[in-house]
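Inspection log for the structure reproduced underneath, given as structure tokens.
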Amino acid sequence: MTVSSTVNKKIYNADGNATQFSFTAKLFDPTEMKVYLKDTTTGVSAPLNYGSEYSVNAPNNDFSDGGTVTTVATYATGKQLTLV
């Protein structure tokens, strides 16, 4: 039996102001969303912590059409957020 999977990824360039980033991937649970912060100068990427550095929300907690990631901090130009 073959098991297939699809990884949905959305990349945002930080601008020093935005803290909300939308996604259209279906989730069964908000903890499935992973967020990574990348320094575009060095290429170094690190995961952010769910609950303390970002939250995941959707209308009526229905993630079938995606939702919004909200970061606690704003990130300066030169940083990139990847939602997976």
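Letters A, B, ... mark the chains of the structure tokens in the order given; residue numbers begin at 1 per chain; ligand numbers begin at 1, in order shown.
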Practice item. With a distance cut-off of 10 Å and only C-alpha atoms, select the neighbouring residues of Ser45 in chain A, excluding the residue or stretch itself and same-chain residues fewer than 2 positions from it, and output the selection as a ChimeraX atom specification. Key: /A:36-40,42-43,47-48,79-82
Exercise for review: List the neighbours of range 73-78 of chain A out to 7 Å using only C-alpha atoms; skip same-chain residues closer than 5 positions along the sequence, and give me the result as a list in words.
Suggested key: Ala14, Asp15, Gly16, Asn17, Ala18, Thr19, Asp39, Thr40 and Thr41 of chain A
Could you dump the residues just selected with N, CA and C atoms as an mmCIF file, in the first residue's frame?
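Saved result, again-v9.cif, follows:
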```cif
data_model
loop_
_atom_site.group_PDB
_atom_site.id
_atom_site.type_symbol
_atom_site.label_atom_id
_atom_site.label_comp_id
_atom_site.auth_asym_id
_atom_site.auth_seq_id
_atom_site.Cartn_x
_atom_site.Cartn_y
_atom_site.Cartn_z
ATOM 1 N N ALA A 14 9.304 39.147 6.225
ATOM 2 C CA ALA A 14 8.954 40.029 7.332
ATOM 3 C C ALA A 14 9.174 41.485 6.934
ATOM 4 N N ASP A 15 8.369 42.373 7.543
ATOM 5 C CA ASP A 15 8.476 43.800 7.219
ATOM 6 C C ASP A 15 8.601 44.685 8.456
ATOM 7 N N GLY A 16 8.716 44.078 9.624
ATOM 8 C CA GLY A 16 8.836 44.844 10.855
ATOM 9 C C GLY A 16 7.513 45.283 11.447
ATOM 10 N N ASN A 17 6.396 45.002 10.761
ATOM 11 C CA ASN A 17 5.078 45.420 11.237
ATOM 12 C C ASN A 17 4.096 44.265 11.404
ATOM 13 N N ALA A 18 4.041 43.375 10.447
ATOM 14 C CA ALA A 18 3.014 42.330 10.423
ATOM 15 C C ALA A 18 3.248 41.271 11.495
ATOM 16 N N THR A 19 2.144 40.825 12.083
ATOM 17 C CA THR A 19 2.189 39.709 13.030
ATOM 18 C C THR A 19 1.183 38.623 12.648
ATOM 19 N N ASP A 39 16.843 33.812 8.792
ATOM 20 C CA ASP A 39 17.617 35.028 8.534
ATOM 21 C C ASP A 39 18.090 34.922 7.089
ATOM 22 N N THR A 40 17.581 35.780 6.214
ATOM 23 C CA THR A 40 17.897 35.656 4.794
ATOM 24 C C THR A 40 19.349 36.017 4.472
ATOM 25 N N THR A 41 20.020 36.716 5.380
ATOM 26 C CA THR A 41 21.423 37.059 5.166
ATOM 27 C C THR A 41 22.321 35.854 5.395
#
```
Exercise for review: Compile the contact shell of range 22-31 of chain A as a PyMOL selection string: residues with an atom at most 8 Å away, counting only C-alpha atoms, same-chain residues fewer than 4 positions apart removed.
Suggested key: chain A and resi 8+10+50+56-57+63-69+83
Practice item. Once DSSP has gone over the backbone, tell me which residues of chain A are in strand (DSSP E), as a VMD selection string. Key: chain A and resid 10 to 13 20 to 23 35 to 39 45 to 47 54 to 57 67 to 71 79 to 83
Practice item. Give me, please, the distance in Å between CA of Val84 in chain A and CA of Met33 in chain A, quoted to one decimal. Key: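 It comes out at 5.9 Å.
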Practice item. Figure out the distance between CA of Asn61 in chain A and CA of Asn49 in chain A, please, to one decimal in Å. Key: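 Straight-line distance from CA of Asn49 in chain A to CA of Asn61 in chain A works out to 19.9 Å.
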Exercise for review: Just give me the gap between CA of Glu32 in chain A and CA of Ser52 in chain A in Å, one decimal is fine.
Suggested key: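 Between CA of Glu32 in chain A and CA of Ser52 in chain A the gap works out to 15.3 Å.
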